[in-house]
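Visitor: Just so it is clear, I am handing over start.cif, which has mmCIF, C-alpha atoms.
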```cif
data_protein
loop_
_atom_site.label_atom_id
_atom_site.label_comp_id
_atom_site.auth_asym_id
_atom_site.auth_seq_id
_atom_site.Cartn_x
_atom_site.Cartn_y
_atom_site.Cartn_z
CA MET W 8 104.41 2.66 -2.15
CA GLU W 9 101.32 4.32 -0.71
CA LEU W 10 99.67 3.16 2.50
CA THR W 11 96.38 1.54 1.49
CA ALA W 12 93.18 1.16 3.49
CA GLY W 13 93.96 -2.56 3.73
CA ASP W 14 97.37 -1.81 5.21
CA VAL W 15 95.82 0.48 7.80
CA TRP W 16 93.22 -2.11 8.73
CA VAL W 17 95.85 -4.79 9.34
CA MET W 18 97.91 -2.35 11.44
CA VAL W 19 94.83 -1.43 13.50
CA SER W 20 93.94 -5.12 13.86
CA ALA W 21 97.46 -5.91 15.05
CA ALA W 22 97.16 -3.20 17.69
CA LEU W 23 93.80 -4.63 18.77
CA VAL W 24 95.25 -8.13 19.12
CA LEU W 25 98.27 -6.84 21.03
CA LEU W 26 95.87 -5.12 23.43
CA MET W 27 94.26 -8.50 24.07
CA THR W 28 97.32 -9.71 26.02
CA PRO W 29 97.08 -6.92 28.63
CA GLY W 30 93.35 -7.65 28.61
CA LEU W 31 94.12 -11.28 29.33
CA ALA W 32 96.51 -10.17 32.08
CA PHE W 33 93.72 -8.24 33.80
CA PHE W 34 91.24 -11.08 33.23
CA TYR W 35 93.60 -13.62 34.78
CA GLY W 36 94.83 -11.17 37.42
CA GLY W 37 91.30 -10.63 38.70
CA LEU W 38 90.57 -14.36 38.71
CA ALA W 39 93.73 -15.08 40.70
CA ARG W 40 94.11 -14.84 44.45
CA ALA W 41 95.20 -11.49 45.88
CA LYS W 42 98.64 -12.84 46.77
CA ALA W 43 99.25 -13.99 43.17
CA ALA W 44 97.63 -11.21 41.15
CA LEU W 45 100.82 -9.43 40.07
CA ASN W 46 102.58 -12.66 39.19
CA MET W 47 99.61 -13.64 37.03
CA ILE W 48 99.69 -10.29 35.24
CA MET W 49 103.46 -10.50 34.79
CA MET W 50 103.23 -13.95 33.20
CA SER W 51 101.20 -12.39 30.38
CA PHE W 52 103.31 -9.26 30.07
CA VAL W 53 106.59 -11.19 29.87
CA ALA W 54 105.12 -13.17 26.98
CA VAL W 55 104.96 -9.91 25.02
CA GLY W 56 108.65 -9.29 25.64
CA VAL W 57 109.96 -12.79 25.04
CA VAL W 58 107.83 -13.74 22.04
CA GLY W 59 108.33 -10.30 20.48
CA VAL W 60 112.07 -10.90 20.46
CA VAL W 61 111.80 -14.53 19.33
CA TRP W 62 109.49 -13.54 16.47
CA VAL W 63 111.92 -10.99 15.10
CA LEU W 64 115.04 -13.12 15.47
CA TRP W 65 113.84 -16.49 14.15
CA GLY W 66 110.16 -17.14 14.90
CA TYR W 67 108.63 -15.58 11.82
CA GLY W 68 110.98 -17.52 9.55
CA MET W 69 109.78 -20.75 11.18
CA THR W 70 106.18 -19.92 10.23
CA SER W 71 106.80 -18.88 6.64
CA GLY W 72 110.19 -20.05 5.36
CA PRO W 73 111.02 -23.00 3.10
CA ALA W 74 109.66 -26.25 4.51
CA LEU W 75 111.87 -28.49 6.62
CA LEU W 76 111.29 -31.97 8.06
CA GLY W 77 108.62 -32.87 5.55
CA GLY W 78 106.53 -29.79 6.19
CA LEU W 79 106.72 -29.69 9.99
CA VAL W 80 108.32 -26.24 10.15
CA GLY W 81 109.74 -23.44 8.07
CA ASN W 82 113.46 -22.78 7.96
CA PRO W 83 114.34 -20.48 10.91
CA ALA W 84 117.50 -19.34 9.15
CA SER W 85 115.56 -18.10 6.12
CA ASP W 86 114.66 -14.75 7.64
CA LEU W 87 116.84 -14.06 10.68
CA GLY W 88 116.14 -10.67 12.17
CA LEU W 89 113.61 -9.90 9.41
CA SER W 90 116.45 -8.19 7.54
CA GLY W 91 115.06 -9.30 4.20
CA HIS W 92 111.84 -7.35 4.78
CA VAL W 93 113.23 -3.93 5.66
CA GLY W 94 111.69 -1.49 3.23
CA SER W 95 108.84 -3.88 2.47
CA ALA W 96 105.14 -3.68 3.31
CA ASP W 97 105.41 -7.32 4.41
CA LEU W 98 106.37 -6.07 7.88
CA ILE W 99 102.73 -5.08 8.47
CA GLY W 100 101.55 -8.67 8.20
CA ILE W 101 104.59 -9.93 10.06
CA GLY W 102 103.74 -7.70 13.01
CA TYR W 103 100.14 -8.91 12.93
CA GLY W 104 101.31 -12.51 13.12
CA ALA W 105 103.49 -11.77 16.13
CA THR W 106 100.49 -10.75 18.21
CA PHE W 107 98.92 -14.19 17.73
CA ALA W 108 102.06 -15.94 18.91
CA ILE W 109 102.21 -13.68 21.98
CA ILE W 110 98.70 -14.28 23.25
CA THR W 111 98.79 -18.02 22.57
CA VAL W 112 101.64 -18.55 25.02
CA ALA W 113 100.12 -16.14 27.54
CA LEU W 114 96.86 -18.14 27.57
CA ILE W 115 98.64 -21.14 29.07
CA SER W 116 99.66 -19.27 32.23
CA GLY W 117 96.21 -19.21 33.80
CA ALA W 118 96.27 -22.95 34.39
CA VAL W 119 99.36 -22.86 36.61
CA ALA W 120 98.55 -19.85 38.78
CA ASP W 121 99.76 -19.59 42.39
CA ARG W 122 102.68 -22.04 42.18
CA THR W 123 104.93 -21.34 39.18
CA ARG W 124 108.39 -19.79 39.32
CA PHE W 125 108.73 -16.76 37.08
CA GLY W 126 112.21 -17.51 35.69
CA PRO W 127 111.37 -21.04 34.46
CA TRP W 128 108.08 -19.75 33.07
CA THR W 129 109.98 -17.14 31.04
CA LEU W 130 112.25 -19.84 29.67
CA PHE W 131 109.24 -22.00 28.85
CA VAL W 132 107.69 -19.13 26.88
CA ALA W 133 110.73 -18.85 24.63
CA ILE W 134 111.12 -22.60 24.04
CA TRP W 135 107.43 -23.37 23.60
CA ALA W 136 106.89 -20.51 21.15
CA THR W 137 109.84 -21.80 19.13
CA LEU W 138 109.17 -25.54 19.17
CA VAL W 139 105.37 -25.70 19.38
CA TYR W 140 103.62 -22.51 18.26
CA CYS W 141 105.80 -21.63 15.26
CA PRO W 142 105.81 -25.12 13.72
CA LEU W 143 102.05 -25.52 14.17
CA ALA W 144 101.39 -22.09 12.65
CA PHE W 145 103.52 -23.14 9.67
CA MET W 146 101.69 -26.44 9.32
CA VAL W 147 98.27 -24.75 9.26
CA TRP W 148 98.89 -21.34 7.68
CA GLY W 149 102.33 -21.54 6.10
CA GLY W 150 101.89 -24.37 3.60
CA GLY W 151 103.02 -27.19 5.89
CA LEU W 152 101.64 -30.61 6.82
CA LEU W 153 98.05 -29.58 7.49
CA SER W 154 97.64 -27.36 4.44
CA ALA W 155 96.02 -28.51 1.20
CA GLU W 156 99.39 -29.57 -0.23
CA GLY W 157 100.77 -31.04 2.99
CA ALA W 158 100.99 -34.75 3.76
CA VAL W 159 98.11 -34.71 6.25
CA GLY W 160 96.02 -32.32 4.17
CA ARG W 161 96.33 -34.48 1.05
CA VAL W 162 95.07 -37.55 2.91
CA PHE W 163 92.30 -36.09 5.07
CA GLY W 164 91.56 -32.79 3.36
CA GLU W 165 92.42 -29.25 4.37
CA ALA W 166 90.88 -28.15 7.65
CA ILE W 167 89.36 -24.69 8.02
CA ASP W 168 91.04 -22.60 10.71
CA PHE W 169 90.58 -18.96 9.81
CA ALA W 170 91.99 -17.34 12.96
CA GLY W 171 93.38 -19.99 15.27
CA GLY W 172 91.12 -22.76 16.59
CA THR W 173 93.95 -25.29 16.32
CA VAL W 174 96.97 -22.98 16.27
CA VAL W 175 95.89 -20.82 19.21
CA HIS W 176 93.19 -22.31 21.42
CA ILE W 177 93.47 -26.10 21.18
CA ASN W 178 97.23 -25.63 21.20
CA ALA W 179 97.26 -23.47 24.34
CA GLY W 180 94.53 -25.45 26.10
CA LEU W 181 96.25 -28.81 25.70
CA ALA W 182 99.62 -27.31 26.68
CA ALA W 183 97.97 -25.95 29.83
CA LEU W 184 96.65 -29.40 30.72
CA VAL W 185 100.07 -30.99 30.25
CA LEU W 186 101.81 -28.34 32.38
CA VAL W 187 99.27 -28.75 35.17
CA TYR W 188 100.12 -32.44 35.44
CA ILE W 189 103.86 -31.72 35.36
CA ILE W 190 103.83 -28.92 37.94
CA GLY W 191 101.16 -30.49 40.13
CA SER W 192 98.21 -29.21 42.11
CA ARG W 193 98.23 -26.46 44.70
CA ALA W 194 98.46 -27.57 48.31
CA ASP W 195 94.81 -26.79 49.02
CA PHE W 196 93.33 -27.94 45.71
CA GLY W 197 89.84 -29.33 46.17
CA LYS W 198 90.00 -29.49 49.97
CA ALA W 199 86.97 -27.25 50.47
CA LYS W 200 84.18 -25.96 48.27
CA GLY W 201 85.05 -22.51 46.99
CA TYR W 202 88.68 -22.86 48.06
CA HIS W 203 89.71 -20.57 45.20
CA ARG W 204 87.66 -17.43 44.61
CA PRO W 205 88.55 -14.58 42.23
CA HIS W 206 89.91 -11.73 44.29
CA ASN W 207 88.76 -8.87 41.99
CA VAL W 208 85.72 -9.52 39.81
CA PRO W 209 85.55 -5.96 38.34
CA LEU W 210 89.09 -6.53 37.02
CA VAL W 211 87.86 -9.75 35.41
CA MET W 212 85.02 -7.90 33.70
CA MET W 213 87.34 -5.15 32.46
CA GLY W 214 89.73 -7.75 31.05
CA THR W 215 86.81 -9.48 29.33
CA ALA W 216 85.76 -6.21 27.70
CA MET W 217 89.30 -5.66 26.41
CA LEU W 218 89.45 -9.21 25.05
CA TRP W 219 86.13 -8.90 23.22
CA PHE W 220 87.12 -5.53 21.80
CA GLY W 221 90.47 -6.84 20.59
CA TRP W 222 88.92 -10.01 19.18
CA PHE W 223 87.36 -8.06 16.32
CA GLY W 224 90.92 -7.48 15.12
CA PHE W 225 91.93 -11.04 16.00
CA ASN W 226 89.23 -12.51 13.74
CA GLY W 227 88.80 -9.67 11.26
CA GLY W 228 92.36 -8.64 10.47
CA ALA W 229 92.74 -11.16 7.67
CA ALA W 230 89.39 -10.42 5.99
CA GLY W 231 89.81 -10.36 2.23
CA SER W 232 86.71 -8.37 1.28
CA ALA W 233 84.05 -6.11 2.74
CA GLU W 234 81.55 -8.98 2.58
CA GLU W 235 83.85 -11.29 4.51
CA ALA W 236 84.70 -8.56 7.03
CA GLY W 237 81.02 -7.95 7.72
CA LEU W 238 80.34 -11.64 8.27
CA ILE W 239 83.31 -11.92 10.63
CA TRP W 240 82.23 -8.87 12.63
CA VAL W 241 78.66 -10.11 13.12
CA ASN W 242 79.82 -13.64 13.98
CA THR W 243 82.32 -12.26 16.52
CA LEU W 244 79.37 -10.49 18.16
CA ALA W 245 76.85 -13.31 17.89
CA ALA W 246 78.80 -16.33 19.15
CA PRO W 247 80.05 -14.85 22.45
CA ALA W 248 76.64 -13.28 23.07
CA ALA W 249 74.96 -16.69 22.74
CA ALA W 250 77.69 -18.38 24.76
CA MET W 251 77.31 -15.90 27.61
CA LEU W 252 73.56 -16.49 27.80
CA ALA W 253 74.04 -20.26 27.61
CA TRP W 254 76.62 -20.23 30.42
CA LEU W 255 74.34 -18.10 32.62
CA LEU W 256 71.42 -20.44 31.97
CA VAL W 257 73.46 -23.49 32.98
CA GLU W 258 74.55 -21.68 36.15
CA ARG W 259 70.96 -20.73 36.93
CA LEU W 260 69.69 -24.29 36.48
CA ARG W 261 72.62 -25.96 38.21
CA ASP W 262 73.57 -23.52 40.97
CA GLY W 263 70.51 -21.34 41.39
CA ARG W 264 72.25 -18.05 40.50
CA PRO W 265 73.96 -16.59 37.42
CA THR W 266 77.34 -14.97 38.17
CA SER W 267 79.50 -12.19 36.79
CA VAL W 268 82.45 -14.55 36.40
CA GLY W 269 80.15 -16.92 34.53
CA ALA W 270 79.15 -14.16 32.14
CA ALA W 271 82.80 -13.29 31.50
CA SER W 272 83.77 -16.93 31.02
CA GLY W 273 80.87 -17.47 28.64
CA VAL W 274 81.95 -14.53 26.50
CA VAL W 275 85.49 -15.90 26.26
CA ALA W 276 84.24 -19.42 25.46
CA GLY W 277 82.13 -18.05 22.61
CA LEU W 278 85.01 -15.99 21.26
CA VAL W 279 87.27 -19.04 21.35
CA ALA W 280 84.75 -21.24 19.55
CA ILE W 281 84.02 -18.78 16.74
CA THR W 282 87.71 -18.09 16.08
CA PRO W 283 88.31 -20.89 13.54
CA ALA W 284 84.84 -20.50 12.01
CA CYS W 285 84.30 -16.74 11.93
CA ALA W 286 84.55 -16.39 8.14
CA ASN W 287 82.95 -19.70 7.21
CA VAL W 288 79.61 -19.94 9.01
CA SER W 289 76.40 -17.92 8.84
CA PRO W 290 75.27 -15.75 11.76
CA LEU W 291 72.80 -18.50 12.68
CA GLY W 292 75.70 -20.94 12.64
CA ALA W 293 77.66 -18.59 14.90
CA LEU W 294 74.76 -18.54 17.37
CA ALA W 295 74.70 -22.35 17.36
CA ILE W 296 78.45 -22.55 17.93
CA GLY W 297 78.22 -20.03 20.77
CA LEU W 298 75.38 -21.93 22.39
CA LEU W 299 77.31 -25.21 22.27
CA ALA W 300 80.49 -23.54 23.56
CA GLY W 301 78.70 -21.85 26.46
CA ILE W 302 77.07 -25.07 27.61
CA GLY W 303 80.07 -27.30 26.93
CA SER W 304 82.67 -25.10 28.59
CA CYS W 305 80.49 -24.36 31.61
CA LEU W 306 80.12 -28.09 32.22
CA ALA W 307 83.76 -28.81 31.41
CA VAL W 308 85.25 -26.51 34.06
CA GLY W 309 84.10 -29.04 36.66
CA TRP W 310 86.15 -31.84 35.10
CA LYS W 311 89.22 -30.77 37.06
CA TYR W 312 87.64 -31.95 40.28
CA ARG W 313 86.54 -35.24 38.76
CA PHE W 314 89.92 -36.00 37.17
CA GLY W 315 92.15 -34.28 39.72
CA TYR W 316 94.02 -31.69 37.64
CA ASP W 317 94.37 -28.22 39.15
CA ASP W 318 93.59 -25.94 36.20
CA ALA W 319 93.48 -22.82 38.36
CA LEU W 320 91.72 -20.41 35.98
CA ASP W 321 89.95 -22.94 33.72
CA VAL W 322 92.12 -22.67 30.63
CA VAL W 323 91.35 -26.29 29.74
CA GLY W 324 87.62 -25.98 30.28
CA VAL W 325 87.34 -22.79 28.22
CA HIS W 326 90.09 -22.74 25.59
CA LEU W 327 90.62 -26.44 24.90
CA VAL W 328 86.97 -27.44 25.02
CA ALA W 329 85.56 -24.42 23.18
CA GLY W 330 88.43 -24.63 20.68
CA VAL W 331 87.53 -28.22 19.86
CA ILE W 332 83.83 -27.36 19.64
CA GLY W 333 84.42 -24.51 17.20
CA THR W 334 86.88 -26.46 15.07
CA VAL W 335 84.79 -29.62 14.78
CA ALA W 336 81.52 -27.70 14.31
CA LEU W 337 82.83 -26.50 10.96
CA GLY W 338 82.39 -30.06 9.71
CA PHE W 339 78.65 -29.53 10.11
CA LEU W 340 78.14 -25.79 9.67
CA ALA W 341 80.73 -24.59 7.13
CA LEU W 342 79.12 -22.64 4.30
CA PRO W 343 79.65 -23.90 0.74
CA VAL W 344 82.12 -21.94 -1.36
CA GLU W 345 80.72 -21.06 -4.78
CA GLY W 346 78.12 -23.78 -4.34
CA GLU W 347 80.63 -26.52 -3.56
CA GLY W 348 81.73 -28.30 -0.41
CA GLY W 349 80.52 -27.11 2.94
CA GLY W 350 79.59 -28.96 6.08
CA LEU W 351 77.23 -31.86 6.54
CA LEU W 352 74.21 -29.64 7.17
CA TYR W 353 74.77 -27.95 3.82
CA GLY W 354 75.03 -31.20 1.89
CA GLY W 355 78.80 -31.16 1.69
CA GLY W 356 79.30 -34.73 2.85
CA VAL W 357 81.69 -35.92 5.52
CA GLY W 358 84.86 -34.61 3.89
CA GLN W 359 85.08 -31.37 5.84
CA LEU W 360 84.23 -33.11 9.11
CA VAL W 361 87.02 -35.63 8.53
CA ALA W 362 89.47 -32.80 7.81
CA GLN W 363 88.45 -30.93 10.97
CA LEU W 364 88.77 -34.04 13.14
CA ALA W 365 92.14 -34.94 11.64
CA ALA W 366 93.54 -31.46 12.31
CA THR W 367 92.20 -31.52 15.86
CA VAL W 368 93.69 -34.93 16.66
CA PHE W 369 97.02 -34.03 15.06
CA THR W 370 97.21 -30.80 17.08
CA LEU W 371 96.43 -32.60 20.33
CA ILE W 372 99.16 -35.19 19.74
CA PHE W 373 101.78 -32.73 18.49
CA THR W 374 101.19 -30.20 21.27
CA GLY W 375 100.90 -32.83 23.98
CA VAL W 376 104.16 -34.58 23.16
CA LEU W 377 106.25 -31.44 22.61
CA THR W 378 104.87 -29.63 25.66
CA ALA W 379 105.53 -32.67 27.84
CA LEU W 380 109.14 -32.83 26.69
CA ILE W 381 109.70 -29.11 27.29
CA GLY W 382 107.89 -29.04 30.62
CA LEU W 383 109.61 -32.13 32.00
CA ALA W 384 113.03 -30.87 30.93
CA ILE W 385 112.52 -27.60 32.81
CA ALA W 386 110.91 -29.25 35.84
CA ARG W 387 113.74 -31.77 36.25
CA THR W 388 116.60 -29.31 35.75
CA ILE W 389 115.97 -25.81 37.11
CA GLY W 390 112.54 -26.63 38.58
CA PHE W 391 109.16 -25.18 37.66
CA ARG W 392 107.42 -24.96 41.01
CA VAL W 393 107.90 -22.66 43.99
CA SER W 394 108.56 -24.16 47.42
CA PRO W 395 105.61 -24.96 49.72
CA GLU W 396 106.65 -22.04 51.92
CA ASP W 397 106.65 -19.62 48.98
CA GLU W 398 103.32 -20.95 47.77
CA ALA W 399 101.81 -20.27 51.20
CA LEU W 400 103.42 -16.82 51.31
CA GLY W 401 102.26 -15.97 47.80
CA VAL W 402 104.13 -15.81 44.52
CA ASP W 403 103.82 -12.03 44.31
CA ARG W 404 106.10 -11.66 47.29
CA SER W 405 108.33 -14.69 46.71
CA GLU W 406 108.90 -14.11 42.98
CA HIS W 407 108.68 -10.31 42.66
CA SER W 408 108.99 -8.84 46.17
CA GLU W 409 105.79 -6.93 45.45
CA SER W 410 102.16 -6.94 46.45
CA ALA W 411 99.15 -5.91 44.41
CA TYR W 412 97.59 -4.17 47.39
CA HIS W 413 99.06 -2.25 50.29
CA PHE W 414 96.99 -1.38 53.35
CA ASP W 415 97.72 0.58 56.50
CA PRO W 416 97.78 -2.23 59.08
CA GLU W 417 96.42 0.12 61.73
CA ARG W 418 93.41 1.18 59.67
CA GLU W 419 92.74 -1.60 57.18
CA PRO W 420 92.18 -5.33 57.56
CA THR W 421 94.87 -7.75 56.40
CA VAL W 422 94.42 -8.97 52.83
CA SER W 423 93.71 -12.67 52.75
CA ALA W 424 93.89 -14.89 49.70
#
```
Using the file provided, produce a representation of the structure as structure tokens.
Guide:
Amino acid sequence: MELTAGDVWVMVSAALVLLMTPGLAFFYGGLARAKAALNMIMMSFVAVGVVGVVWVLWGYGMTSGPALLGGLVGNPASDLGLSGHVGSADLIGIGYGATFAIITVALISGAVADRTRFGPWTLFVAIWATLVYCPLAFMVWGGGLLSAEGAVGRVFGEAIDFAGGTVVHINAGLAALVLVYIIGSRADFGKAKGYHRPHNVPLVMMGTAMLWFGWFGFNGGAAGSAEEAGLIWVNTLAAPAAAMLAWLLVERLRDGRPTSVGAASGVVAGLVAITPACANVSPLGALAIGLLAGIGSCLAVGWKYRFGYDDALDVVGVHLVAGVIGTVALGFLALPVEGEGGGLLYGGGVGQLVAQLAATVFTLIFTGVLTALIGLAIARTIGFRVSPEDEALGVDRSEHSESAYHFDPEREPTVSA
């Protein structure tokens, strides 16, 4: 069988999405404190290793095999080790799917920076990918509960989620919120204004650039035609551009100054929001979604102080909130298909909005319950959190015996977090 242009595009897209996880590592690493930068980067990198192995051994089968438990998950034993696909072009798509699973788990780590033990985190990655990500991917993309023929889809309608609004961003954002409550806040959370400042903003900006670059593969890899690919590309440009400007405007009005970190966060919020909608809204719709995501996420990052949850790097404010905005917005802005359906603003009625809301609520409940069970089991057995002494010392040194920066004490000032 010859290698087609479509095959090459999916392989390139998979490489782009895989690059997003190191990009995320740099993004989070720069946002973290100096004494936790390496640990933050390692939490993303270990997700590549663990989820890569899980995906080959049983994870892919759980997202695509024969339905079990009424459509909750595919049969993990149906494709152990991917042995049934050796010699098949199917491995191209299978590899592409693995990159989505990898970055979804890695996204969660930013919420629990500075105080999480590396060993329990690694265990969490394996269990959560197996029990939460893979079943939800099956339910949305593999013909399970939330698909057109699934039990939920038949009642409420099939939700649109082209590249992962529910499966990736709402899923990871809600899991991050649950873990934050289980692990608890850092010792100095909220005690002084500006108590946590990013230690390396240029690293944050570089990570943002890598994420945006990779996101064209994230959204565009599954394009089915040149027309669809073009729409996805433009929307993946337009939404984060609008979100960045919206975030900077809110900062300017609220705080008096726009910031580099705000620009980076706005870009990510826009990318998150357009993910489920990238192939199903017009460029004007993408601008509207980006605008809403930039404003909404910028305001939402302050919720942690109001409600007392220590989301260190604003995973909840960006991924959960923007994910919900992008998913629900499809109920209003989805384009009609061959003149039928579409969102409310296109005369499609409330059907698509109901489907989007149902998928969002289901994802929140499913992810919340399963993540709580996994997180509590780890916390109450081997323990999730470092000791107060190790937290004060820094998780780079306590968990890895390393430091991101080394200075000559006789010539350079001591690095402070």
Visitor: I need the output of the PyMOL selection byres ((chain W and resi 376) around 12) for this file as a list in words; which residues are they?
Guide: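 Listing what the PyMOL selection byres ((chain W and resi 376) around 12) selects in the shown file: Trp135, Leu138, Val139, Asn178, Leu181, Ala182, Leu184, Val185, Leu186, Phe369, Thr370, Leu371, Ile372, Phe373, Thr374, Gly375, Leu377, Thr378, Ala379, Leu380, Ile381, Gly382 and Leu383 of chain W.
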Visitor: Here is a test: counting only C-alpha atoms, which residue of W:Arg161, W:His176, W:His203, W:Arg387 is nearest to Leu327 of chain W?
Guide: W:His176
Visitor: Excluding segment 391-404 of chain W and residues on its chain fewer than 3 positions from it, collect all residues at most 8 Å away from it, counting all atoms listed in the file, and give them as a PyMOL selection string.
Guide: chain W and resi 42-46+121-124+127-128+190+194+385-386+407-411
Visitor: Evaluate the PyMOL selection byres ((chain W and resi 28) around 10) on the structure here and hand back the selected residues as a PyMOL selection string.
Guide: chain W and resi 23-27+29-34+48+51-52+54-55+106-107+109-114+214+217-218+221
Visitor: Write out, as a PDB file, in the coordinates of the input, the residues just selected, with C-alpha atoms.
Guide:
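After the write, result-v8.pdb holds the following:
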```
ATOM      1  CA  LEU W  23      93.800  -4.630  18.770  1.00  0.00           C
ATOM      2  CA  VAL W  24      95.250  -8.130  19.120  1.00  0.00           C
ATOM      3  CA  LEU W  25      98.270  -6.840  21.030  1.00  0.00           C
ATOM      4  CA  LEU W  26      95.870  -5.120  23.430  1.00  0.00           C
ATOM      5  CA  MET W  27      94.260  -8.500  24.070  1.00  0.00           C
ATOM      6  CA  PRO W  29      97.080  -6.920  28.630  1.00  0.00           C
ATOM      7  CA  GLY W  30      93.350  -7.650  28.610  1.00  0.00           C
ATOM      8  CA  LEU W  31      94.120 -11.280  29.330  1.00  0.00           C
ATOM      9  CA  ALA W  32      96.510 -10.170  32.080  1.00  0.00           C
ATOM     10  CA  PHE W  33      93.720  -8.240  33.800  1.00  0.00           C
ATOM     11  CA  PHE W  34      91.240 -11.080  33.230  1.00  0.00           C
ATOM     12  CA  ILE W  48      99.690 -10.290  35.240  1.00  0.00           C
ATOM     13  CA  SER W  51     101.200 -12.390  30.380  1.00  0.00           C
ATOM     14  CA  PHE W  52     103.310  -9.260  30.070  1.00  0.00           C
ATOM     15  CA  ALA W  54     105.120 -13.170  26.980  1.00  0.00           C
ATOM     16  CA  VAL W  55     104.960  -9.910  25.020  1.00  0.00           C
ATOM     17  CA  THR W 106     100.490 -10.750  18.210  1.00  0.00           C
ATOM     18  CA  PHE W 107      98.920 -14.190  17.730  1.00  0.00           C
ATOM     19  CA  ILE W 109     102.210 -13.680  21.980  1.00  0.00           C
ATOM     20  CA  ILE W 110      98.700 -14.280  23.250  1.00  0.00           C
ATOM     21  CA  THR W 111      98.790 -18.020  22.570  1.00  0.00           C
ATOM     22  CA  VAL W 112     101.640 -18.550  25.020  1.00  0.00           C
ATOM     23  CA  ALA W 113     100.120 -16.140  27.540  1.00  0.00           C
ATOM     24  CA  LEU W 114      96.860 -18.140  27.570  1.00  0.00           C
ATOM     25  CA  GLY W 214      89.730  -7.750  31.050  1.00  0.00           C
ATOM     26  CA  MET W 217      89.300  -5.660  26.410  1.00  0.00           C
ATOM     27  CA  LEU W 218      89.450  -9.210  25.050  1.00  0.00           C
ATOM     28  CA  GLY W 221      90.470  -6.840  20.590  1.00  0.00           C
TER      29      GLY W 221
END
```
Visitor: Which neighbours of Asn242 of chain W fall inside 9 Å, counting all atoms listed in the file, when residues of the same chain fewer than 6 positions from it are skipped, and could you give them as a CSV table (one decimal) with C-alpha atoms, in the coordinates of the input?
Guide:
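Contents of the output file out.csv:
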```csv
chain,number,residue,atom,x,y,z
W,281,ILE,CA,84.0,-18.8,16.7
W,284,ALA,CA,84.8,-20.5,12.0
W,285,CYS,CA,84.3,-16.7,11.9
W,286,ALA,CA,84.6,-16.4,8.1
W,288,VAL,CA,79.6,-19.9,9.0
W,289,SER,CA,76.4,-17.9,8.8
W,290,PRO,CA,75.3,-15.8,11.8
W,291,LEU,CA,72.8,-18.5,12.7
W,292,GLY,CA,75.7,-20.9,12.6
W,293,ALA,CA,77.7,-18.6,14.9
W,294,LEU,CA,74.8,-18.5,17.4
```
Visitor: Write out as a list in words the residues lying within 9 Å of segment 86-103 of chain W, counting only C-alpha atoms and excluding same-chain residues fewer than 6 positions away.
Guide: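 So the residues in contact are Met8, Leu10, Asp14, Val15, Val17, Met18, Ser20, Ala21, Ala22, Val24, Leu25, Trp62, Val63, Leu64, Trp65, Gly66, Tyr67, Gly68, Met69, Ser71, Gly72 and Gly228 of chain W.
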Visitor: Have a look at W:Leu320, W:Trp240, W:Val335, W:Ser232 and name the one nearest to Ala12 of chain W; count only C-alpha atoms.
Guide: W:Ser232
Visitor: Report the distance between atom CA of Ile177 of chain W and atom CA of Gly390 of chain W in Å, rounded to one decimal place.
Guide: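 The value is 25.8 Å.
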